[in-house]
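The next block is run-v2.csv, given as CSV, C-alpha atoms and all ligand atoms.
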chain,number,residue,atom,x,y,z
A,1111,MET,CA,48.1,66.8,63.7
A,1112,GLU,CA,51.3,66.1,61.7
A,1113,TRP,CA,51.0,69.5,60.1
A,1114,THR,CA,50.8,71.1,63.5
A,1115,LYS,CA,53.9,69.2,64.6
A,1116,ALA,CA,55.8,70.3,61.5
A,1117,LYS,CA,54.7,73.9,62.2
A,1118,VAL,CA,55.9,73.7,65.8
A,1119,SER,CA,59.2,72.3,64.7
A,1120,LEU,CA,59.6,74.9,62.0
A,1121,ALA,CA,58.9,77.6,64.5
A,1122,LEU,CA,61.4,76.1,66.9
A,1123,SER,CA,64.1,75.9,64.3
A,1124,LEU,CA,63.4,79.5,63.2
A,1125,PHE,CA,63.7,80.5,66.8
A,1126,LEU,CA,67.0,78.7,67.3
A,1127,VAL,CA,68.3,80.0,64.0
A,1128,SER,CA,67.4,83.5,65.2
A,1129,LEU,CA,69.5,82.8,68.2
A,1130,GLY,CA,72.4,81.9,65.9
A,1131,ILE,CA,72.2,78.2,66.6
A,1132,SER,CA,71.3,76.0,63.8
A,1133,LEU,CA,70.2,72.4,64.2
A,1134,ALA,CA,73.5,71.3,63.0
A,1135,ASP,CA,74.7,67.8,62.6
A,1136,LEU,CA,78.3,68.3,63.6
A,1137,ARG,CA,79.8,65.0,64.8
A,1138,VAL,CA,83.0,63.9,66.3
A,1139,GLY,CA,85.1,62.1,63.7
A,1140,PHE,CA,83.3,63.6,60.7
A,1141,TYR,CA,86.4,63.0,58.6
A,1142,SER,CA,87.2,59.5,59.8
A,1143,ASN,CA,86.4,58.0,56.5
A,1144,THR,CA,87.0,60.8,54.1
A,1145,CYS,CA,90.3,62.1,55.5
A,1146,PRO,CA,91.4,60.0,58.5
A,1147,GLN,CA,94.7,61.9,58.8
A,1148,ALA,CA,92.9,65.3,59.1
A,1149,GLU,CA,93.1,65.8,62.8
A,1150,SER,CA,96.7,64.6,63.1
A,1151,ILE,CA,97.8,66.8,60.2
A,1152,ILE,CA,96.4,69.8,62.0
A,1153,SER,CA,97.9,68.9,65.4
A,1154,ARG,CA,101.3,68.4,63.8
A,1155,VAL,CA,101.1,71.8,62.0
A,1156,VAL,CA,100.0,73.6,65.2
A,1157,SER,CA,102.6,72.0,67.5
A,1158,GLY,CA,105.3,72.6,64.9
A,1159,ALA,CA,104.4,76.3,64.7
A,1160,ALA,CA,104.2,76.6,68.5
A,1161,LEU,CA,107.9,75.7,68.8
A,1162,SER,CA,108.9,79.0,67.2
A,1163,ASP,CA,106.0,81.1,68.7
A,1164,PRO,CA,105.2,80.2,72.3
A,1165,ASN,CA,102.2,82.5,72.3
A,1166,LEU,CA,100.7,80.7,69.3
A,1167,PRO,CA,98.3,78.6,71.3
A,1168,ALA,CA,96.6,81.8,72.6
A,1169,VAL,CA,96.5,83.3,69.1
A,1170,LEU,CA,94.7,80.2,67.7
A,1171,LEU,CA,92.3,80.0,70.6
A,1172,ARG,CA,91.3,83.7,70.1
A,1173,LEU,CA,90.9,83.1,66.4
A,1174,HIS,CA,88.3,80.5,67.0
A,1175,PHE,CA,86.3,82.9,69.2
A,1176,HIS,CA,86.4,85.6,66.7
A,1177,ASP,CA,85.5,83.3,63.8
A,1178,CYS,CA,82.4,82.0,65.7
A,1179,PHE,CA,81.1,85.3,66.9
A,1180,VAL,CA,80.6,86.8,63.4
A,1181,GLU,CA,78.4,84.8,60.9
A,1182,GLY,CA,78.9,81.7,63.0
A,1183,CYS,CA,82.0,79.4,63.0
A,1184,ASP,CA,82.4,79.4,59.2
A,1185,GLY,CA,85.9,80.7,58.5
A,1186,SER,CA,84.5,84.1,57.4
A,1187,ILE,CA,87.3,85.8,59.3
A,1188,LEU,CA,90.0,84.1,57.2
A,1189,VAL,CA,88.9,85.6,53.9
A,1190,ASP,CA,90.9,88.4,52.1
A,1191,ASN,CA,88.3,90.1,49.9
A,1192,GLY,CA,89.7,93.6,49.8
A,1193,PRO,CA,89.2,96.5,52.1
A,1194,ILE,CA,85.8,95.3,53.2
A,1195,SER,CA,87.2,92.0,54.5
A,1196,GLU,CA,85.7,91.0,57.8
A,1197,LYS,CA,89.2,90.6,59.2
A,1198,ASN,CA,89.8,94.3,58.9
A,1199,ALA,CA,87.0,95.1,61.4
A,1200,PHE,CA,88.0,97.1,64.5
A,1201,GLY,CA,86.5,94.4,66.6
A,1202,HIS,CA,89.0,91.9,65.3
A,1203,GLU,CA,92.0,94.1,66.2
A,1204,GLY,CA,95.1,92.0,66.8
A,1205,VAL,CA,93.7,88.7,65.6
A,1206,ARG,CA,96.4,86.5,64.1
A,1207,GLY,CA,97.1,82.9,63.2
A,1208,PHE,CA,95.8,83.0,59.6
A,1209,GLU,CA,99.0,81.6,58.1
A,1210,ILE,CA,99.0,78.6,60.4
A,1211,VAL,CA,95.4,77.7,59.3
A,1212,GLU,CA,96.5,78.2,55.7
A,1213,ALA,CA,99.5,76.0,56.2
A,1214,ALA,CA,97.4,73.2,57.6
A,1215,LYS,CA,94.9,73.7,54.8
A,1216,ALA,CA,97.6,73.3,52.2
A,1217,GLU,CA,98.7,70.0,53.7
A,1218,LEU,CA,95.1,68.8,53.9
A,1219,GLU,CA,94.5,69.7,50.3
A,1220,THR,CA,97.4,67.5,49.3
A,1221,ALA,CA,96.3,64.6,51.5
A,1222,CYS,CA,92.5,64.8,50.8
A,1223,PRO,CA,91.6,67.5,48.3
A,1224,GLY,CA,88.3,69.4,48.8
A,1225,VAL,CA,87.3,67.6,52.0
A,1226,VAL,CA,88.3,69.5,55.2
A,1227,SER,CA,86.7,72.9,55.8
A,1228,CYS,CA,88.7,75.9,57.0
A,1229,SER,CA,86.2,76.5,59.8
A,1230,ASP,CA,86.9,72.9,61.1
A,1231,ILE,CA,90.6,73.6,60.9
A,1232,VAL,CA,90.1,76.7,63.1
A,1233,ALA,CA,88.1,74.7,65.7
A,1234,LEU,CA,90.5,71.8,65.8
A,1235,ALA,CA,93.5,74.1,66.0
A,1236,ALA,CA,92.0,75.8,69.0
A,1237,ARG,CA,91.6,72.4,70.7
A,1238,ASP,CA,95.2,71.5,69.9
A,1239,ALA,CA,96.3,74.9,71.2
A,1240,ILE,CA,94.5,74.4,74.6
A,1241,PHE,CA,96.1,71.0,74.9
A,1242,LEU,CA,99.6,72.4,74.1
A,1243,ALA,CA,99.1,74.9,76.9
A,1244,ASN,CA,98.5,72.0,79.4
A,1245,GLY,CA,94.7,72.5,79.2
A,1246,PRO,CA,92.0,69.8,79.0
A,1247,GLU,CA,91.9,67.4,76.1
A,1248,TYR,CA,88.6,67.1,74.3
A,1249,GLU,CA,86.9,66.0,71.1
A,1250,VAL,CA,85.6,68.5,68.6
A,1251,PRO,CA,82.4,67.8,66.7
A,1252,THR,CA,83.3,68.5,63.0
A,1253,GLY,CA,81.4,68.9,59.7
A,1254,ARG,CA,81.3,72.7,59.5
A,1255,ARG,CA,81.3,74.2,56.1
A,1256,ASP,CA,82.8,77.5,55.1
A,1257,GLY,CA,80.8,80.7,54.6
A,1258,ARG,CA,80.4,82.8,51.5
A,1259,VAL,CA,80.3,86.2,53.1
A,1260,SER,CA,83.0,88.4,54.5
A,1261,ASN,CA,82.1,92.0,55.4
A,1262,MET,CA,83.7,94.0,58.1
A,1263,SER,CA,80.4,95.7,59.0
A,1264,LEU,CA,79.1,92.3,60.3
A,1265,ALA,CA,81.7,92.5,63.1
A,1266,LYS,CA,80.4,95.6,64.7
A,1267,GLU,CA,78.8,93.7,67.5
A,1268,MET,CA,82.0,91.9,68.7
A,1269,PRO,CA,82.5,92.1,72.4
A,1270,ASP,CA,84.7,95.1,73.3
A,1271,VAL,CA,87.1,95.6,76.2
A,1272,SER,CA,85.0,98.6,77.4
A,1273,ASP,CA,81.7,96.8,77.3
A,1274,SER,CA,79.7,96.8,80.6
A,1275,ILE,CA,78.9,93.4,82.0
A,1276,GLU,CA,75.3,93.9,80.9
A,1277,ILE,CA,76.3,94.4,77.3
A,1278,LEU,CA,78.7,91.4,77.4
A,1279,LYS,CA,75.9,89.2,78.8
A,1280,ALA,CA,73.6,90.5,76.1
A,1281,LYS,CA,76.1,89.9,73.3
A,1282,PHE,CA,76.8,86.4,74.5
A,1283,MET,CA,73.0,85.7,75.0
A,1284,GLN,CA,72.5,86.7,71.3
A,1285,LYS,CA,74.8,83.8,70.4
A,1286,GLY,CA,73.0,81.4,72.7
A,1287,LEU,CA,75.5,81.6,75.5
A,1288,ASP,CA,74.6,82.4,79.1
A,1289,ALA,CA,76.3,84.3,81.9
A,1290,LYS,CA,78.1,81.2,83.1
A,1291,GLU,CA,79.4,80.5,79.7
A,1292,LEU,CA,80.5,84.2,79.5
A,1293,VAL,CA,82.7,83.6,82.6
A,1294,LEU,CA,84.0,80.2,81.4
A,1295,LEU,CA,84.9,81.5,77.9
A,1296,SER,CA,86.4,84.8,79.2
A,1297,ALA,CA,88.7,82.5,81.3
A,1298,ALA,CA,90.3,81.7,77.9
A,1299,HIS,CA,92.4,84.7,78.9
A,1300,THR,CA,94.2,82.2,81.1
A,1301,ILE,CA,96.7,82.2,78.2
A,1302,GLY,CA,97.9,85.0,76.0
A,1303,THR,CA,98.6,88.6,75.9
A,1304,THR,CA,97.1,92.0,75.2
A,1305,ALA,CA,98.5,95.0,73.6
A,1306,CYS,CA,98.8,98.1,75.8
A,1307,PHE,CA,96.4,99.6,73.2
A,1308,PHE,CA,93.5,97.9,75.1
A,1309,MET,CA,94.7,99.2,78.5
A,1310,SER,CA,94.8,103.0,78.0
A,1311,LYS,CA,91.2,103.6,79.0
A,1312,ARG,CA,91.4,101.4,82.1
A,1313,LEU,CA,94.7,102.9,83.3
A,1314,TYR,CA,94.5,106.5,82.3
A,1315,ASP,CA,91.0,107.5,81.4
A,1316,PHE,CA,88.6,105.5,83.5
A,1317,LEU,CA,87.2,107.9,86.0
A,1318,PRO,CA,86.9,111.7,85.8
A,1319,GLY,CA,90.3,113.3,86.3
A,1320,GLY,CA,92.0,110.4,84.5
A,1321,GLN,CA,91.9,108.0,87.5
A,1322,PRO,CA,92.3,104.3,86.8
A,1323,ASP,CA,89.8,101.5,87.2
A,1324,PRO,CA,89.3,101.2,91.0
A,1325,THR,CA,88.9,97.5,90.8
A,1326,ILE,CA,92.6,97.1,90.0
A,1327,ASN,CA,94.4,95.9,93.1
A,1328,PRO,CA,96.7,98.8,94.3
A,1329,ALA,CA,99.6,96.3,94.5
A,1330,PHE,CA,99.1,95.6,90.8
A,1331,LEU,CA,98.5,99.1,89.4
A,1332,PRO,CA,102.2,100.1,89.4
A,1333,GLU,CA,103.0,96.9,87.5
A,1334,LEU,CA,100.5,97.7,84.9
A,1335,THR,CA,101.4,101.4,84.5
A,1336,THR,CA,105.1,100.4,84.2
A,1337,GLN,CA,104.4,98.0,81.5
A,1338,CYS,CA,102.0,100.3,79.7
A,1339,PRO,CA,103.1,103.9,80.5
A,1340,GLN,CA,100.8,106.7,79.5
A,1341,ASN,CA,101.4,107.8,75.9
A,1342,GLY,CA,103.8,104.8,75.6
A,1343,ASP,CA,104.0,102.3,72.8
A,1344,ILE,CA,100.5,100.8,72.4
A,1345,ASN,CA,102.0,97.7,70.7
A,1346,VAL,CA,103.8,96.5,73.7
A,1347,ARG,CA,102.2,93.3,74.9
A,1348,LEU,CA,101.6,92.1,78.5
A,1349,PRO,CA,100.3,88.8,79.8
A,1350,MET,CA,96.6,88.7,80.6
A,1351,ASP,CA,96.9,86.0,83.3
A,1352,ARG,CA,99.6,87.4,85.6
A,1353,LEU,CA,102.3,84.8,86.4
A,1354,SER,CA,100.5,82.0,84.5
A,1355,GLU,CA,100.2,83.3,80.9
A,1356,ARG,CA,101.4,80.1,79.2
A,1357,LEU,CA,99.4,77.7,81.3
A,1358,PHE,CA,95.8,76.9,80.7
A,1359,ASP,CA,94.5,76.8,84.2
A,1360,LYS,CA,92.0,78.5,86.6
A,1361,GLN,CA,94.6,81.0,88.0
A,1362,ILE,CA,92.9,83.6,85.8
A,1363,LEU,CA,89.7,83.2,88.0
A,1364,ARG,CA,91.8,83.8,91.2
A,1365,ASN,CA,93.4,86.8,89.6
A,1366,ILE,CA,90.0,88.2,88.7
A,1367,LYS,CA,88.8,87.7,92.3
A,1368,ASP,CA,92.0,89.4,93.7
A,1369,GLY,CA,92.0,92.4,91.4
A,1370,PHE,CA,94.7,91.1,89.2
A,1371,ALA,CA,92.6,90.9,86.0
A,1372,VAL,CA,94.3,92.7,83.2
A,1373,LEU,CA,91.4,93.4,80.9
A,1374,GLN,CA,88.6,95.6,82.1
A,1375,THR,CA,85.9,93.1,81.0
A,1376,ASP,CA,87.6,90.3,83.0
A,1377,ALA,CA,87.6,92.5,86.1
A,1378,GLY,CA,84.0,93.3,85.5
A,1379,LEU,CA,83.1,89.7,85.9
A,1380,TYR,CA,83.6,90.1,89.6
A,1381,GLU,CA,81.5,93.2,90.0
A,1382,ASP,CA,78.2,91.5,89.1
A,1383,VAL,CA,76.5,89.1,91.5
A,1384,THR,CA,75.7,86.4,88.9
A,1385,THR,CA,79.1,86.2,87.2
A,1386,ARG,CA,80.9,86.6,90.5
A,1387,ARG,CA,79.1,83.5,91.8
A,1388,VAL,CA,80.3,81.6,88.8
A,1389,VAL,CA,83.9,82.7,89.3
A,1390,ASP,CA,83.8,81.8,93.0
A,1391,SER,CA,82.2,78.4,92.3
A,1392,TYR,CA,85.5,77.2,90.6
A,1393,ILE,CA,88.0,78.6,93.1
A,1394,GLY,CA,86.3,77.9,96.4
A,1395,LEU,CA,87.5,75.2,98.8
A,1396,LEU,CA,84.6,73.0,97.8
A,1397,ASN,CA,85.7,72.7,94.2
A,1398,PRO,CA,86.3,70.1,92.8
A,1399,ILE,CA,84.9,68.0,95.6
A,1400,PHE,CA,81.5,69.3,94.9
A,1401,GLY,CA,80.6,70.5,91.4
A,1402,PRO,CA,82.4,70.1,88.1
A,1403,THR,CA,85.9,71.5,87.6
A,1404,PHE,CA,86.7,74.6,85.7
A,1405,GLU,CA,88.3,72.5,82.9
A,1406,THR,CA,85.2,70.3,82.5
A,1407,ASP,CA,82.8,73.2,82.2
A,1408,PHE,CA,85.2,75.1,80.0
A,1409,VAL,CA,85.2,72.2,77.5
A,1410,LYS,CA,81.4,72.1,77.4
A,1411,ALA,CA,81.3,75.9,76.8
A,1412,ILE,CA,83.9,75.9,74.1
A,1413,VAL,CA,82.3,73.0,72.3
A,1414,LYS,CA,79.0,74.9,72.4
A,1415,MET,CA,80.7,78.1,71.2
A,1416,GLY,CA,82.0,76.0,68.3
A,1417,LYS,CA,78.4,75.3,67.2
A,1418,ILE,CA,77.3,78.9,66.8
A,1419,GLY,CA,75.6,79.4,63.4
A,1420,VAL,CA,77.4,76.6,61.7
A,1421,LYS,CA,76.7,75.7,58.1
A,1422,THR,CA,76.4,72.0,57.5
A,1423,GLY,CA,75.1,69.6,54.8
A,1424,SER,CA,74.6,71.5,51.5
A,1425,LYS,CA,75.2,74.9,53.0
A,1426,GLY,CA,78.4,76.8,52.5
A,1427,ASP,CA,81.5,75.5,50.8
A,1428,ILE,CA,84.7,73.6,51.4
A,1429,ARG,CA,87.2,76.3,50.4
A,1430,ARG,CA,90.3,75.4,48.4
A,1431,VAL,CA,92.3,78.0,50.2
A,1432,CYS,CA,91.1,79.6,53.4
A,1433,SER,CA,91.8,83.2,52.4
A,1434,ALA,CA,89.7,83.2,49.3
A,1435,PHE,CA,86.2,82.1,48.2
A,1436,ASN,CA,86.1,79.3,45.7
B,1501,LIG,C1,84.1,88.4,76.8
B,1501,LIG,C2,84.5,89.2,75.8
B,1501,LIG,C3,85.9,89.3,75.3
B,1501,LIG,C4,86.6,90.4,75.2
B,1501,LIG,C5,86.1,91.9,75.4
B,1501,LIG,C6,88.0,90.1,74.8
B,1501,LIG,C7,89.0,91.0,74.5
B,1501,LIG,C8,90.3,90.6,74.3
B,1501,LIG,C9,91.4,91.6,74.0
B,1501,LIG,C10,91.2,93.1,74.0
B,1501,LIG,C11,92.5,90.9,73.8
B,1501,LIG,C12,93.9,91.4,73.5
B,1501,LIG,C13,94.0,91.4,72.0
B,1501,LIG,C14,95.3,91.8,71.5
B,1501,LIG,O1,95.9,92.8,72.0
B,1501,LIG,O2,95.9,91.3,70.5
B,1501,LIG,C15,92.1,89.5,73.9
B,1501,LIG,C16,93.0,88.4,73.7
B,1501,LIG,C17,92.7,87.1,73.8
B,1501,LIG,N1,91.4,86.6,73.9
B,1501,LIG,FE1,89.7,87.6,74.3
B,1501,LIG,N2,88.0,88.7,74.7
B,1501,LIG,C18,86.8,88.2,75.0
B,1501,LIG,C19,86.5,86.9,75.0
B,1501,LIG,C20,87.3,85.8,74.6
B,1501,LIG,C21,86.9,84.5,74.4
B,1501,LIG,C22,85.4,84.0,74.5
B,1501,LIG,C23,88.0,83.8,74.0
B,1501,LIG,C24,88.1,82.3,73.7
B,1501,LIG,C25,87.3,81.4,74.0
B,1501,LIG,C26,89.1,84.7,74.0
B,1501,LIG,C27,90.4,84.3,73.8
B,1501,LIG,C28,91.5,85.2,73.8
B,1501,LIG,C29,92.9,84.8,73.8
B,1501,LIG,C30,93.4,83.4,73.9
B,1501,LIG,C31,93.6,86.0,73.8
B,1501,LIG,C32,95.1,86.1,73.7
B,1501,LIG,C33,95.6,86.4,72.3
B,1501,LIG,C34,97.1,86.7,72.1
B,1501,LIG,O3,97.9,86.5,73.0
B,1501,LIG,O4,97.4,87.1,71.0
B,1501,LIG,N3,88.6,85.9,74.4
B,1501,LIG,N4,90.8,89.3,74.2
B,1502,LIG,C1,78.5,95.0,53.8
B,1502,LIG,O1,77.5,95.2,54.8
B,1502,LIG,C2,76.9,96.4,54.8
B,1502,LIG,C3,75.9,96.5,55.9
B,1502,LIG,O2,75.1,95.4,56.0
B,1502,LIG,C4,76.2,96.7,53.4
B,1502,LIG,O3,75.6,98.0,53.4
B,1502,LIG,C5,77.2,96.6,52.3
B,1502,LIG,O4,76.6,96.6,51.1
B,1502,LIG,C6,78.0,95.2,52.4
B,1502,LIG,N1,79.1,95.2,51.4
B,1502,LIG,C7,79.2,94.2,50.6
B,1502,LIG,C8,80.3,94.4,49.6
B,1502,LIG,O5,78.5,93.2,50.6
Give the structure from the file, written as structure tokens.
Ligand code: HEM
Ligand SMILES: *[C@@H]1O[C@H](CO)[C@@H](O)[C@H](O)[C@H]1NC(C)=O
Amino acid sequence: MEWTKAKVSLALSLFLVSLGISLADLRVGFYSNTCPQAESIISRVVSGAALSDPNLPAVLLRLHFHDCFVEGCDGSILVDNGPISEKNAFGHEGVRGFEIVEAAKAELETACPGVVSCSDIVALAARDAIFLANGPEYEVPTGRRDGRVSNMSLAKEMPDVSDSIEILKAKFMQKGLDAKELVLLSAAHTIGTTACFFMSKRLYDFLPGGQPDPTINPAFLPELTTQCPQNGDINVRLPMDRLSERLFDKQILRNIKDGFAVLQTDAGLYEDVTTRRVVDSYIGLLNPIFGPTFETDFVKAIVKMGKIGVKTGSKGDIRRVCSAFN
């Protein structure tokens, strides 16, 4: 009897692990005894850095996503281990914010050496970033440990701007996230920018004959093509949430509905019945009188994303510097 139970629970954990979820014991306030200042040190570094770079909140939020989707939320994206470094993967193109994490880590090593993981810094910095952008305040379960692998070929499955909605759903499902969470987490594009690099296909090579994506509102198309002219500078950046790029709010969902989404994948969320229903549920007249707000559900989704494949207990390391293995 006991043996069968053990077998069932082993099978269950193997199943969950195969989904990329471990039975992790992350908990809010993990550092409250070992490094009580940890979270305030990180908040201070993040808000200080945001003074000179108003787009930094977006940068840090994106970094958390990219960390979690490869090898779990384990700081693997932070490591510089030569040309094969995971951070060099095409799927991580444009990801930044490493030096802010490193600056927080340096202060934490002075305050409480060897205690706070780089992966927790990334998760907490994303939380602080959302708050700085006027988004919801939430608690982050901590206790992640840092990974010992960094290999760019592990990032081949990162979601891509030209992925179909089916592929996106499948890639999120592989990380234990459903279609609703795909919508909520994509709505992180409520802050930040994209390089024109990611717009070329959507604007100039979408349909035969080089026609643009027909889901772009005709009133918006000239704006986009002016900002990202054909054969122009691919490094020029444009806001992803038109007229609201610094504010963490649900305007991005209205923009998606109205054909003002900038990224092809965001626009695609309104072309599928399931994900369209999720978008509509947060922007209809009945929300938030009936049903949870976008902010409430976003927090649940990002806390869940922060648990993907985490290493806890005796797994992984607490790195001394975030850019190198111990
Ligand atoms: C659904 C699949 C996703 C795709 C295909 C995607 C794609 C992209 C692309 C192409 C950019 C522009 C990057 C650049 O030019 O530097 C971007 C930026 C961004 N992404 Fe995503 N993303 C996805 C999901 C997410 C998720 C889940 C989050 C966070 C929860 C996120 C947060 C961000 C943020 C905040 C930025 C702005 C970065 C900046 O301004 O530097 N994205 N994303
Ligand atoms: C990186 O991953 C690829 C594919 O899994 C593997 O062939 C290669 O040996 C790895 N490289 C290193 C240095 O671990």
Residues near Ser1310 (chain A), anyone? I mean within 10 Å using all atoms listed in the file, not counting same-chain ones fewer than 2 positions away, as a compact mmCIF listing (two decimals) with C-alpha atoms, in the frame of the given file.
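Result file follows (out.txt):
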# COMPACT_ATOMS: atom_id res chain seq x y z
CA ALA A 1305 98.50 95.00 73.60
CA CYS A 1306 98.80 98.10 75.80
CA PHE A 1307 96.40 99.60 73.20
CA PHE A 1308 93.50 97.90 75.10
CA ARG A 1312 91.40 101.40 82.10
CA LEU A 1313 94.70 102.90 83.30
CA TYR A 1314 94.50 106.50 82.30
CA ASP A 1315 91.00 107.50 81.40
CA PHE A 1316 88.60 105.50 83.50
CA PRO A 1322 92.30 104.30 86.80
CA THR A 1335 101.40 101.40 84.50
CA CYS A 1338 102.00 100.30 79.70
CA PRO A 1339 103.10 103.90 80.50
CA GLN A 1340 100.80 106.70 79.50
CA ASN A 1341 101.40 107.80 75.90
CA GLY A 1342 103.80 104.80 75.60
CA ILE A 1344 100.50 100.80 72.40
Among A:Arg1258, A:Lys1414, A:His1202, A:Arg1172, ligand LIG 1502 (chain B) is approached most closely, using only C-alpha atoms and all ligand atoms, by A:Arg1258
Could you give me, as a tab-separated table, every chain A residue with an atom at most 10 Å from ligand LIG 1502 (chain B), plus its closest atom pair and distance in Å to one decimal, counting all atoms listed in the file, rows ordered by chain then number?
residue	atom	partner	partner_atom	distance
A:Asn1191	CA	B:LIG1502	C8	9.1
A:Gly1192	CA	B:LIG1502	C8	9.4
A:Pro1193	CA	B:LIG1502	C8	9.5
A:Ile1194	CA	B:LIG1502	C8	6.6
A:Ser1195	CA	B:LIG1502	C8	8.8
A:Glu1196	CA	B:LIG1502	C1	9.2
A:Val1259	CA	B:LIG1502	O5	7.6
A:Ser1260	CA	B:LIG1502	O5	7.6
A:Asn1261	CA	B:LIG1502	C1	5.0
A:Met1262	CA	B:LIG1502	C1	6.8
A:Ser1263	CA	B:LIG1502	O1	5.1
A:Leu1264	CA	B:LIG1502	O1	6.4
A:Ala1265	CA	B:LIG1502	O1	9.7
A:Lys1266	CA	B:LIG1502	C3	9.9
Check the smallest atom-to-atom distance from each of A:Met1268, A:Ile1362, A:Ile1151, A:Cys1145 to ligand LIG 1501 (chain B) using only C-alpha atoms and all ligand atoms, then report the winner.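 Nearest to ligand LIG 1501 (chain B): A:Met1268.
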Rank nothing, just name the residue among A:Lys1311, A:His1174, A:Arg1429, A:Arg1154 nearest to ligand LIG 1501 (chain B), using only C-alpha atoms and all ligand atoms.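 Closest to ligand LIG 1501 (chain B), using only C-alpha atoms and all ligand atoms: A:His1174.
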Neighbour list for Ile1393 (chain A) as a PDB file with C-alpha atoms, in the coordinates of the input, cut-off 8 Å, all atoms listed in the file, skip fewer than 5 positions in-chain:
ATOM      1  CA  LYS A1360      92.000  78.500  86.600  1.00  0.00           C
ATOM      2  CA  LEU A1363      89.700  83.200  88.000  1.00  0.00           C
ATOM      3  CA  ARG A1364      91.800  83.800  91.200  1.00  0.00           C
TER       4      ARG A1364
END
Given all atoms listed in the file as the counted atoms, nearest of A:Phe1241, A:Phe1370, A:Phe1400, A:Phe1208 to Leu1173 (chain A):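 That would be A:Phe1208, the residue with the smallest distance to Leu1173 (chain A).
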From A:Ile1240, A:Leu1395, A:Ala1148, A:Ala1199, residue lying nearest ligand LIG 1501 (chain B) [all atoms listed in the file]: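 With all atoms listed in the file as the atom set, the closest residue is A:Ile1240.
Within the 10 Å cut-off around Ala1235 (chain A), using all atoms listed in the file and omitting residues fewer than 2 positions from it on the same chain, the listed residues are Glu1149, Ile1152, Ser1153, Arg1154, Val1155, Val1156, Ser1157, Pro1167, Leu1170, Leu1171, Leu1173, His1174, Gly1207, Ile1210, Val1211, Ala1214, Ser1229, Asp1230, Ile1231, Val1232, Ala1233, Arg1237, Asp1238, Ala1239, Ile1240 and Phe1241 of chain A.
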Pick the closest to ligand LIG 1501 (chain B) from A:Ile1418, A:Leu1396, A:Val1169, A:Leu1334: which is it, counting all atoms listed in the file?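 The shortest atom-to-atom distance to ligand LIG 1501 (chain B) comes from A:Val1169.
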If I take CA of Asn1327 (chain A) and CA of Asn1365 (chain A), how far is one from the other in Å, to one decimal?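 Going from CA of Asn1327 (chain A) over to CA of Asn1365 (chain A) covers 9.8 Å.
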Any residue with an atom at most 6 Å from ligand LIG 1501 (chain B) counts, using only C-alpha atoms and all ligand atoms. Which are they? Put them as a short mmCIF file (atom, residue, chain, number, x, y, z; two decimals) with C-alpha atoms, keeping the file's coordinate frame.
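Okay, this is what ended up in part20.cif:
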data_model
loop_
_atom_site.label_atom_id
_atom_site.label_comp_id
_atom_site.auth_asym_id
_atom_site.auth_seq_id
_atom_site.Cartn_x
_atom_site.Cartn_y
_atom_site.Cartn_z
CA ASN A 1165 102.20 82.50 72.30
CA ALA A 1168 96.60 81.80 72.60
CA VAL A 1169 96.50 83.30 69.10
CA LEU A 1171 92.30 80.00 70.60
CA ARG A 1172 91.30 83.70 70.10
CA PHE A 1175 86.30 82.90 69.20
CA GLY A 1204 95.10 92.00 66.80
CA VAL A 1205 93.70 88.70 65.60
CA PRO A 1269 82.50 92.10 72.40
CA ASP A 1270 84.70 95.10 73.30
CA VAL A 1271 87.10 95.60 76.20
CA LEU A 1295 84.90 81.50 77.90
CA SER A 1296 86.40 84.80 79.20
CA ALA A 1298 90.30 81.70 77.90
CA HIS A 1299 92.40 84.70 78.90
CA ILE A 1301 96.70 82.20 78.20
CA GLY A 1302 97.90 85.00 76.00
CA THR A 1303 98.60 88.60 75.90
CA THR A 1304 97.10 92.00 75.20
CA ALA A 1305 98.50 95.00 73.60
CA PHE A 1308 93.50 97.90 75.10
CA THR A 1375 85.90 93.10 81.00
#
For the point (82.7, 76.0, 84.6) in file coordinates, what residues are within 10 Å, counting all atoms listed in the file? Give the answer as JSON, numbers by chain? {"A": [1290, 1291, 1292, 1293, 1294, 1295, 1297, 1360, 1388, 1389, 1391, 1392, 1401, 1402, 1403, 1404, 1405, 1406, 1407, 1408, 1409, 1410, 1411]}
